[in-house]
>>> print(open('work-v9.txt').read())   # compact mmCIF, C-alpha atoms
# COMPACT_ATOMS: atom_id res chain seq x y z
CA MET A 275 -1.99 -7.89 56.25
CA SER A 276 -3.14 -10.02 59.10
CA ASP A 277 -6.83 -9.28 59.35
CA CYS A 278 -9.19 -11.36 57.21
CA LYS A 279 -11.73 -8.51 57.31
CA GLU A 280 -9.35 -6.23 55.45
CA LEU A 281 -8.86 -8.92 52.89
CA ILE A 282 -12.39 -9.52 51.74
CA GLY A 283 -12.68 -6.26 49.79
CA ASN A 284 -9.64 -7.18 47.72
CA LEU A 285 -10.17 -10.88 47.29
CA SER A 286 -12.44 -10.57 44.28
CA ASP A 287 -10.03 -8.22 42.47
CA PHE A 288 -7.20 -10.59 43.31
CA ILE A 289 -9.03 -13.54 41.75
CA ASP A 290 -9.91 -11.49 38.67
CA GLY A 291 -6.27 -10.42 38.30
CA GLU A 292 -7.10 -6.75 38.85
CA LEU A 293 -5.16 -6.05 42.01
CA ASP A 294 -2.01 -3.93 41.93
CA LEU A 295 1.24 -5.76 42.38
CA ASN A 296 1.98 -4.71 45.98
CA MET A 297 -1.46 -5.66 47.27
CA CYS A 298 -1.29 -8.84 45.26
CA GLN A 299 1.91 -9.96 46.95
CA GLU A 300 0.58 -9.05 50.39
CA LEU A 301 -2.56 -11.03 49.76
CA LYS A 302 -0.71 -14.04 48.39
CA LYS A 303 1.33 -14.10 51.57
CA HIS A 304 -1.80 -13.94 53.69
CA LEU A 305 -3.47 -16.74 51.76
CA GLU A 306 -0.48 -19.01 52.23
CA GLY A 307 -0.96 -18.82 55.98
CA CYS A 308 -4.76 -18.67 56.21
CA ARG A 309 -6.70 -21.78 55.28
CA ASN A 310 -10.06 -20.10 55.86
CA CYS A 311 -9.32 -17.26 53.46
CA ARG A 312 -8.07 -19.79 50.90
CA LEU A 313 -11.42 -21.55 51.14
CA VAL A 314 -13.28 -18.26 50.69
CA ALA A 315 -11.10 -17.39 47.69
CA ASP A 316 -11.67 -20.81 46.15
CA SER A 317 -15.43 -20.63 46.63
CA LEU A 318 -15.54 -17.09 45.18
CA THR A 319 -13.78 -18.40 42.08
CA LYS A 320 -16.22 -21.30 41.85
CA THR A 321 -19.22 -18.98 42.36
CA VAL A 322 -18.42 -17.18 39.12
CA LYS A 323 -17.58 -20.37 37.26
CA LEU A 324 -20.88 -21.97 38.30
CA CYS A 325 -22.84 -18.90 37.21
CA ARG A 326 -21.08 -18.87 33.84
CA ASP A 327 -21.47 -22.56 33.14
CA GLY A 328 -24.78 -23.38 34.69
CA VAL A 329 -27.40 -20.90 33.65
CA THR A 330 -27.59 -20.73 29.88
CA GLU A 331 -30.99 -20.23 28.29
CA ASP A 332 -31.74 -21.36 24.76
CA LEU A 333 -33.47 -18.86 22.54
CA PRO A 334 -36.68 -20.55 21.30
CA GLU A 335 -37.10 -20.75 17.50
CA SER A 336 -40.63 -19.32 17.74
CA LEU A 337 -39.35 -16.23 19.55
CA LYS A 338 -36.54 -15.81 17.03
CA GLU A 339 -39.13 -15.89 14.25
CA SER A 340 -41.45 -13.48 16.05
CA LEU A 341 -38.54 -11.07 16.56
CA ASN A 342 -37.57 -11.24 12.89
CA GLN A 343 -41.08 -10.30 11.81
CA LYS A 344 -41.26 -7.38 14.25
CA LEU A 345 -37.83 -6.13 13.23
CA GLN A 346 -38.71 -6.23 9.55
CA ALA A 347 -41.92 -4.30 10.14
CA ARG A 348 -40.15 -1.69 12.28
CA TRP A 349 -37.33 -1.35 9.75
CA LYS A 350 -39.78 -0.85 6.93
CA ALA A 351 -41.70 1.78 8.90
CA LYS A 352 -38.46 3.63 9.70
CA PHE A 353 -36.69 3.56 6.36
CA ASP A 354 -39.50 3.45 3.82
CA LYS A 355 -40.78 6.86 4.82
CA ASN A 356 -37.31 8.42 4.45
CA MET B 147 -7.58 -12.18 20.50
CA ASN B 148 -4.61 -10.08 19.35
CA HIS B 149 -4.83 -6.34 18.64
CA TYR B 150 -4.98 -6.92 14.92
CA GLY B 151 -7.97 -9.28 15.33
CA ALA B 152 -9.76 -6.73 17.52
CA PHE B 153 -9.00 -4.01 14.95
CA ILE B 154 -10.55 -6.09 12.13
CA ILE B 155 -13.70 -6.69 14.20
CA GLN B 156 -13.99 -2.99 15.08
CA THR B 157 -13.53 -1.98 11.45
CA ASN B 158 -16.07 -4.52 10.32
CA GLU B 159 -18.54 -3.38 12.98
CA LYS B 160 -18.07 0.23 11.95
CA LYS B 161 -18.91 -0.62 8.32
CA LEU B 162 -21.99 -2.57 9.38
CA VAL B 163 -23.16 0.30 11.60
CA GLU B 164 -22.74 2.75 8.70
CA GLY B 165 -24.71 0.39 6.45
CA ALA B 166 -27.48 -0.04 9.01
CA LYS B 167 -27.74 3.73 9.50
CA GLN B 168 -28.35 4.05 5.76
CA GLY B 169 -31.13 1.49 5.80
CA ASP B 170 -29.30 -1.77 5.10
CA PHE B 171 -31.37 -4.32 7.04
CA ALA B 172 -28.92 -7.15 6.32
CA ALA B 173 -26.14 -5.11 7.95
CA PHE B 174 -28.31 -4.55 11.02
CA ASN B 175 -29.08 -8.27 11.23
CA ARG B 176 -25.41 -9.12 11.08
CA LEU B 177 -24.73 -6.64 13.88
CA ILE B 178 -27.30 -8.18 16.21
CA GLU B 179 -26.84 -11.82 15.19
CA ASN B 180 -24.46 -12.86 17.96
CA TYR B 181 -26.21 -10.78 20.59
CA ARG B 182 -29.69 -12.27 20.22
CA PRO B 183 -29.08 -15.36 22.40
CA ARG B 184 -27.00 -13.36 24.85
CA ILE B 185 -29.58 -10.60 25.31
CA PHE B 186 -32.28 -13.25 25.68
CA GLY B 187 -30.28 -15.05 28.38
CA LEU B 188 -29.75 -11.78 30.22
CA ALA B 189 -33.42 -10.75 29.89
CA VAL B 190 -34.54 -14.08 31.40
CA LYS B 191 -32.35 -13.44 34.43
CA LEU B 192 -33.33 -9.80 34.85
CA ALA B 193 -37.07 -10.04 34.22
CA LYS B 194 -39.62 -11.23 36.77
CA ASN B 195 -41.11 -13.89 34.52
CA ARG B 196 -40.82 -15.48 31.11
CA GLU B 197 -43.40 -13.25 29.46
CA ASP B 198 -41.62 -10.09 30.60
CA ALA B 199 -38.29 -11.56 29.48
CA GLU B 200 -39.62 -12.11 25.96
CA ASP B 201 -40.97 -8.55 25.87
CA VAL B 202 -37.68 -7.10 27.09
CA PHE B 203 -35.74 -9.16 24.57
CA GLN B 204 -37.83 -7.96 21.62
CA GLU B 205 -38.10 -4.38 22.86
CA THR B 206 -34.30 -4.14 23.10
CA PHE B 207 -33.82 -4.79 19.39
CA LEU B 208 -36.79 -2.67 18.33
CA LYS B 209 -35.34 0.24 20.31
CA ALA B 210 -32.00 -0.41 18.64
CA ILE B 211 -33.69 0.20 15.29
CA ASP B 212 -35.41 3.35 16.57
CA ASN B 213 -32.14 4.76 17.89
CA ILE B 214 -29.55 3.43 15.44
CA GLN B 215 -28.79 6.97 14.20
CA LYS B 216 -27.85 7.96 17.75
CA PHE B 217 -25.20 5.26 18.06
CA ARG B 218 -21.89 7.14 17.82
CA GLY B 219 -19.52 4.25 18.39
CA GLU B 220 -18.36 5.54 21.79
CA SER B 221 -18.78 2.00 23.06
CA SER B 222 -18.93 -1.25 21.12
CA PHE B 223 -22.25 -2.04 19.48
CA GLY B 224 -22.72 -4.92 21.95
CA THR B 225 -22.29 -2.67 24.99
CA TRP B 226 -24.81 -0.28 23.45
CA LEU B 227 -27.33 -3.13 23.07
CA TYR B 228 -26.83 -4.21 26.68
CA THR B 229 -27.39 -0.61 27.77
CA ILE B 230 -30.71 -0.56 25.92
CA CYS B 231 -31.70 -3.87 27.55
CA VAL B 232 -30.84 -2.61 31.04
CA ASN B 233 -32.86 0.58 30.38
CA VAL B 234 -35.86 -1.39 29.13
CA ILE B 235 -35.79 -3.38 32.38
CA ARG B 236 -35.46 -0.19 34.42
CA ASN B 237 -38.39 1.44 32.62
CA LYS B 238 -40.49 -1.65 33.21
CA TYR B 239 -39.81 -2.13 36.90
CA GLY B 240 -38.67 1.29 38.12
CA ARG B 241 -35.80 1.80 40.53
CA SER B 242 -34.58 -1.31 42.29
CA THR B 243 -34.96 -0.83 46.01
CA GLY B 244 -33.63 -4.11 47.39
CA GLU B 245 -30.48 -4.05 49.48
CA LEU B 246 -27.73 -6.48 50.33
CA LEU B 247 -25.86 -6.70 53.60
CA PRO B 248 -22.74 -4.61 54.24
CA LEU B 249 -19.49 -6.20 53.05
CA GLU B 250 -18.27 -7.35 56.46
CA GLU B 251 -21.45 -9.39 56.98
CA TYR B 252 -20.32 -11.71 54.20
CA LEU B 253 -17.06 -12.53 55.88
CA PRO B 254 -17.48 -15.96 57.40
CA ARG B 255 -17.25 -15.58 61.13
CA ALA B 256 -13.92 -17.28 61.03
CA GLU B 257 -11.00 -17.22 63.33
CA HIS B 258 -7.86 -16.23 61.53
CA GLY B 259 -5.44 -19.01 60.78
CA ASP B 260 -5.63 -22.66 60.03
CA GLY B 261 -8.35 -23.73 62.46
CA GLU B 262 -11.35 -25.65 61.10
CA HIS B 263 -14.49 -23.61 60.61
CA ALA B 264 -17.93 -25.18 60.21
CA GLU B 265 -19.04 -22.68 57.54
CA LEU B 266 -15.91 -23.12 55.46
CA PHE B 267 -15.28 -26.24 53.48
CA ASP B 268 -14.10 -27.36 50.07
CA TRP B 269 -16.97 -27.06 47.57
CA ASP B 270 -15.67 -29.95 45.44
CA ASP B 271 -17.27 -32.45 47.78
CA PRO B 272 -20.89 -31.18 47.61
CA LEU B 273 -20.46 -30.30 43.93
CA SER B 274 -19.58 -33.87 43.07
CA LYS B 275 -22.75 -35.15 44.75
CA LEU B 276 -25.31 -32.83 43.16
CA THR B 277 -26.94 -33.46 39.79
CA LYS B 278 -26.60 -30.81 37.08
CA ASP B 279 -30.30 -29.99 37.38
CA GLU B 280 -30.20 -29.58 41.15
CA LEU B 281 -27.24 -27.27 40.79
CA LYS B 282 -28.71 -25.25 37.95
CA GLN B 283 -31.93 -24.74 39.86
CA LYS B 284 -30.07 -23.53 42.93
CA ILE B 285 -27.81 -21.17 40.97
CA ASN B 286 -30.80 -19.66 39.19
CA GLN B 287 -32.66 -19.27 42.44
CA SER B 288 -29.68 -17.55 44.08
CA ILE B 289 -29.26 -15.19 41.12
CA MET B 290 -32.95 -14.28 41.17
CA GLN B 291 -32.76 -13.52 44.88
CA LEU B 292 -30.21 -10.78 44.28
CA PRO B 293 -31.88 -7.35 44.17
CA LEU B 294 -31.95 -6.13 40.57
CA LYS B 295 -29.47 -3.31 41.16
CA TYR B 296 -26.88 -5.90 42.23
CA ARG B 297 -27.96 -8.68 39.89
CA THR B 298 -27.54 -6.50 36.79
CA PRO B 299 -23.89 -5.48 37.30
CA PHE B 300 -23.00 -8.97 38.55
CA LEU B 301 -24.38 -10.67 35.43
CA LEU B 302 -22.89 -8.11 33.06
CA ARG B 303 -19.48 -8.58 34.66
CA TYR B 304 -19.39 -12.32 35.03
CA THR B 305 -21.80 -14.00 32.64
CA GLU B 306 -21.51 -11.39 29.87
CA GLU B 307 -17.82 -10.94 30.67
CA MET B 308 -17.77 -7.16 30.47
CA SER B 309 -15.02 -5.00 31.94
CA VAL B 310 -15.94 -3.08 35.09
CA ALA B 311 -15.72 0.14 33.05
CA ASP B 312 -18.27 -1.19 30.55
CA VAL B 313 -20.53 -2.37 33.38
CA ALA B 314 -20.41 1.16 34.78
CA ARG B 315 -21.20 2.65 31.37
CA THR B 316 -24.05 0.21 30.74
CA THR B 317 -25.72 0.71 34.12
CA GLY B 318 -25.01 4.44 34.47
CA LEU B 319 -23.09 3.84 37.70
CA THR B 320 -19.79 5.36 38.70
CA LEU B 321 -16.83 3.01 38.42
CA ALA B 322 -16.60 2.77 42.23
CA ALA B 323 -20.32 1.99 42.62
CA ALA B 324 -20.22 -0.64 39.87
CA LYS B 325 -17.20 -2.26 41.49
CA SER B 326 -18.82 -2.28 44.91
CA ARG B 327 -22.10 -3.77 43.67
CA ILE B 328 -20.32 -6.48 41.70
CA LEU B 329 -18.32 -7.44 44.77
CA ARG B 330 -21.30 -7.50 47.13
CA ALA B 331 -23.34 -9.53 44.67
CA ARG B 332 -20.50 -12.01 44.31
CA LEU B 333 -20.20 -12.36 48.08
CA ALA B 334 -23.97 -12.76 48.45
CA MET B 335 -24.00 -15.43 45.74
CA ARG B 336 -21.14 -17.24 47.45
CA GLN B 337 -22.98 -17.10 50.75
CA SER B 338 -26.20 -18.40 49.26
CA LEU B 339 -24.48 -21.33 47.53
CA ASN B 340 -22.36 -22.03 50.60
CA ASP B 341 -25.47 -22.22 52.83
CA TYR B 342 -27.06 -24.59 50.36
CA PHE B 343 -24.00 -26.83 50.12
CA LEU B 344 -23.73 -26.86 53.89
CA GLY B 345 -27.32 -28.09 54.11
CA GLU B 346 -26.74 -30.69 51.39
CA ARG B 347 -23.63 -31.94 53.13
CA GLY B 348 -25.63 -32.44 56.31
CA LYS B 349 -28.42 -34.23 54.43
CA LYS B 350 -26.18 -36.54 52.45
CA ASN B 351 -24.08 -37.46 55.45
CA ASN B 352 -27.24 -37.86 57.48
CA VAL B 353 -26.02 -35.37 60.02
CA ARG B 354 -28.38 -32.83 61.48
CA LEU B 355 -26.93 -29.33 61.27
>>> encode(input="work-v9.txt", output="structure tokens")
Amino acid sequence: MSDCKELIGNLSDFIDGELDLNMCQELKKHLEGCRNCRLVADSLTKTVKLCRDGVTEDLPESLKESLNQKLQARWKAKFDKN
Amino acid sequence: MNHYGAFIIQTNEKKLVEGAKQGDFAAFNRLIENYRPRIFGLAVKLAKNREDAEDVFQETFLKAIDNIQKFRGESSFGTWLYTICVNVIRNKYGRSTGELLPLEEYLPRAEHGDGEHAELFDWDDPLSKLTKDELKQKINQSIMQLPLKYRTPFLLRYTEEMSVADVARTTGLTLAAAKSRILRARLAMRQSLNDYFLGERGKKNNVRL
């Protein structure tokens, strides 16, 4: 494969380890010779890592409590009439 | 986790589901325990504002109670909960109409080979200069800019770590459509962060780009 445009559709699968063996070897070969595609691959890897690490939201205690009360009431309404 | 570990979890989940179906509230609570923070995190990123996110979060578990008898174990309980959450969002906002660019538009306009390209650089340099808060704000902003129909599969795949098959099941998309949306969202996210880092590089080096 010599065209970077053909590569982009497979790059994500390659990074996620989901590309079949033949394509994988072809892509590896391409990456060895193409600095720009290596940079794209590296930044695609980092994109996912940043999203995983950087955007956690803590569940507030008050919301947890409010949910518990609503769940109990709904449970009672559902199962007490049976 | 090995197969035996996965088997134990599945067996345990099955027992808890059976208990919940018969009215055991403690069993239901154990089933949802680990998913509460996860569903909340997802709801915050799918909803338009905090108030909606809290509604979606609570509605997801209330609907799980309403429909527990319909859960047949065709997917894991977690996947089923995510499906409810995605449907609650869809019912609230309707069909997502936003679009992303075609795939080729996300390919940096780069010459093939080893030549330097202004839009392509090692992210380690800007990453080392940004504070955690600056970065978090930018990542959140970029995620929220993704149209919902791309944001949902992207988050399910990469922050909730689902398989593509489960993403397809959860969103009601075909496998090919789920795959394509995940890829385009990932490329759009990369582009958005890359543009930001490019700007930051210029600022910090006092170079006008």
>>> interface_residues(input="work-v9.txt", of="chain A", to="chain B", cutoff="9 Å", atoms="all atoms listed in the file", output="PyMOL selection string")
chain A and resi 276-279+282-283+286-287+307-311+313-314+316-318+320-333+337-338+340-341+344-346+348-349+352-354
>>> residues_around(input="work-v9.txt", residues="Arg315 of chain B", least_positions_apart="5", cutoff="9 Å", atoms="all atoms listed in the file", output="PDB file with C-alpha atoms, keeping the file's coordinate frame")
ATOM      1  CA  SER B 221     -18.780   2.000  23.060  1.00  0.00           C
ATOM      2  CA  THR B 225     -22.290  -2.670  24.990  1.00  0.00           C
ATOM      3  CA  THR B 229     -27.390  -0.610  27.770  1.00  0.00           C
ATOM      4  CA  VAL B 310     -15.940  -3.080  35.090  1.00  0.00           C
ATOM      5  CA  THR B 320     -19.790   5.360  38.700  1.00  0.00           C
ATOM      6  CA  LEU B 321     -16.830   3.010  38.420  1.00  0.00           C
TER       7      LEU B 321
END
>>> closest_residue(input="work-v9.txt", among="B:Val313, B:Leu302, B:Leu344, B:Leu294", to="Leu192 of chain B", atoms="only C-alpha atoms")
B:Leu294
>>> atom_distance(input="work-v9.txt", atom1="atom CA of Gln343 of chain A", atom2="atom CA of Phe223 of chain B")
21.9 Å
>>> atom_distance(input="work-v9.txt", atom1="atom CA of Thr243 of chain B", atom2="atom CA of Glu280 of chain A")
27.8 Å
>>> atom_distance(input="work-v9.txt", atom1="atom CA of Leu247 of chain B", atom2="atom CA of Phe288 of chain A")
21.7 Å
>>> axis_aligned_box(input="work-v9.txt", around="segment 326-330 of chain A", padding_each_side="5 Å", output="AutoDock Vina command-line options")
--center_x -24.3 --center_y -21.1 --center_z 32.3 --size_x 16.5 --size_y 14.5 --size_z 14.8
>>> build_atoms(input="work-v9.txt", residues="segment 315-338 of chain A", atoms="N, CA and C atoms", output="mmCIF file, in the frame of the given file")
data_model
loop_
_atom_site.group_PDB
_atom_site.id
_atom_site.type_symbol
_atom_site.label_atom_id
_atom_site.label_comp_id
_atom_site.auth_asym_id
_atom_site.auth_seq_id
_atom_site.Cartn_x
_atom_site.Cartn_y
_atom_site.Cartn_z
ATOM 1 N N ALA A 315 -11.574 -17.750 49.032
ATOM 2 C CA ALA A 315 -11.100 -17.390 47.690
ATOM 3 C C ALA A 315 -11.503 -18.457 46.672
ATOM 4 N N ASP A 316 -11.334 -19.711 47.059
ATOM 5 C CA ASP A 316 -11.670 -20.810 46.150
ATOM 6 C C ASP A 316 -13.174 -20.817 45.851
ATOM 7 N N SER A 317 -13.985 -20.597 46.873
ATOM 8 C CA SER A 317 -15.430 -20.630 46.630
ATOM 9 C C SER A 317 -15.898 -19.399 45.848
ATOM 10 N N LEU A 318 -15.185 -18.267 45.994
ATOM 11 C CA LEU A 318 -15.540 -17.090 45.180
ATOM 12 C C LEU A 318 -15.229 -17.339 43.706
ATOM 13 N N THR A 319 -14.128 -18.037 43.460
ATOM 14 C CA THR A 319 -13.780 -18.400 42.080
ATOM 15 C C THR A 319 -14.855 -19.327 41.517
ATOM 16 N N LYS A 320 -15.233 -20.323 42.327
ATOM 17 C CA LYS A 320 -16.220 -21.300 41.850
ATOM 18 C C LYS A 320 -17.606 -20.669 41.672
ATOM 19 N N THR A 321 -17.922 -19.669 42.494
ATOM 20 C CA THR A 321 -19.220 -18.980 42.360
ATOM 21 C C THR A 321 -19.388 -18.447 40.932
ATOM 22 N N VAL A 322 -18.341 -17.763 40.463
ATOM 23 C CA VAL A 322 -18.420 -17.180 39.120
ATOM 24 C C VAL A 322 -18.448 -18.266 38.050
ATOM 25 N N LYS A 323 -17.649 -19.283 38.244
ATOM 26 C CA LYS A 323 -17.580 -20.370 37.260
ATOM 27 C C LYS A 323 -18.951 -21.067 37.155
ATOM 28 N N LEU A 324 -19.565 -21.307 38.301
ATOM 29 C CA LEU A 324 -20.880 -21.970 38.300
ATOM 30 C C LEU A 324 -21.921 -21.106 37.597
ATOM 31 N N CYS A 325 -21.873 -19.796 37.858
ATOM 32 C CA CYS A 325 -22.840 -18.900 37.210
ATOM 33 C C CYS A 325 -22.637 -18.863 35.697
ATOM 34 N N ARG A 326 -21.383 -18.900 35.284
ATOM 35 C CA ARG A 326 -21.080 -18.870 33.840
ATOM 36 C C ARG A 326 -21.529 -20.143 33.153
ATOM 37 N N ASP A 327 -21.234 -21.274 33.798
ATOM 38 C CA ASP A 327 -21.470 -22.560 33.140
ATOM 39 C C ASP A 327 -22.904 -23.039 33.242
ATOM 40 N N GLY A 328 -23.552 -22.657 34.353
ATOM 41 C CA GLY A 328 -24.780 -23.380 34.690
ATOM 42 C C GLY A 328 -26.090 -22.761 34.290
ATOM 43 N N VAL A 329 -26.096 -21.539 33.798
ATOM 44 C CA VAL A 329 -27.400 -20.900 33.650
ATOM 45 C C VAL A 329 -27.670 -20.383 32.236
ATOM 46 N N THR A 330 -27.313 -21.159 31.250
ATOM 47 C CA THR A 330 -27.590 -20.730 29.880
ATOM 48 C C THR A 330 -29.063 -20.968 29.538
ATOM 49 N N GLU A 331 -29.604 -20.109 28.737
ATOM 50 C CA GLU A 331 -30.990 -20.230 28.290
ATOM 51 C C GLU A 331 -30.999 -20.306 26.777
ATOM 52 N N ASP A 332 -31.676 -21.296 26.221
ATOM 53 C CA ASP A 332 -31.740 -21.360 24.760
ATOM 54 C C ASP A 332 -32.831 -20.423 24.250
ATOM 55 N N LEU A 333 -32.498 -19.751 23.165
ATOM 56 C CA LEU A 333 -33.470 -18.860 22.540
ATOM 57 C C LEU A 333 -34.439 -19.705 21.704
ATOM 58 N N PRO A 334 -35.736 -19.699 22.045
ATOM 59 C CA PRO A 334 -36.680 -20.550 21.300
ATOM 60 C C PRO A 334 -36.823 -20.084 19.846
ATOM 61 N N GLU A 335 -36.954 -21.048 18.939
ATOM 62 C CA GLU A 335 -37.100 -20.750 17.500
ATOM 63 C C GLU A 335 -38.298 -19.824 17.247
ATOM 64 N N SER A 336 -39.407 -20.102 17.963
ATOM 65 C CA SER A 336 -40.630 -19.320 17.740
ATOM 66 C C SER A 336 -40.408 -17.843 18.097
ATOM 67 N N LEU A 337 -39.627 -17.613 19.130
ATOM 68 C CA LEU A 337 -39.350 -16.230 19.550
ATOM 69 C C LEU A 337 -38.413 -15.550 18.549
ATOM 70 N N LYS A 338 -37.473 -16.337 18.045
ATOM 71 C CA LYS A 338 -36.540 -15.810 17.030
ATOM 72 C C LYS A 338 -37.351 -15.342 15.812
#
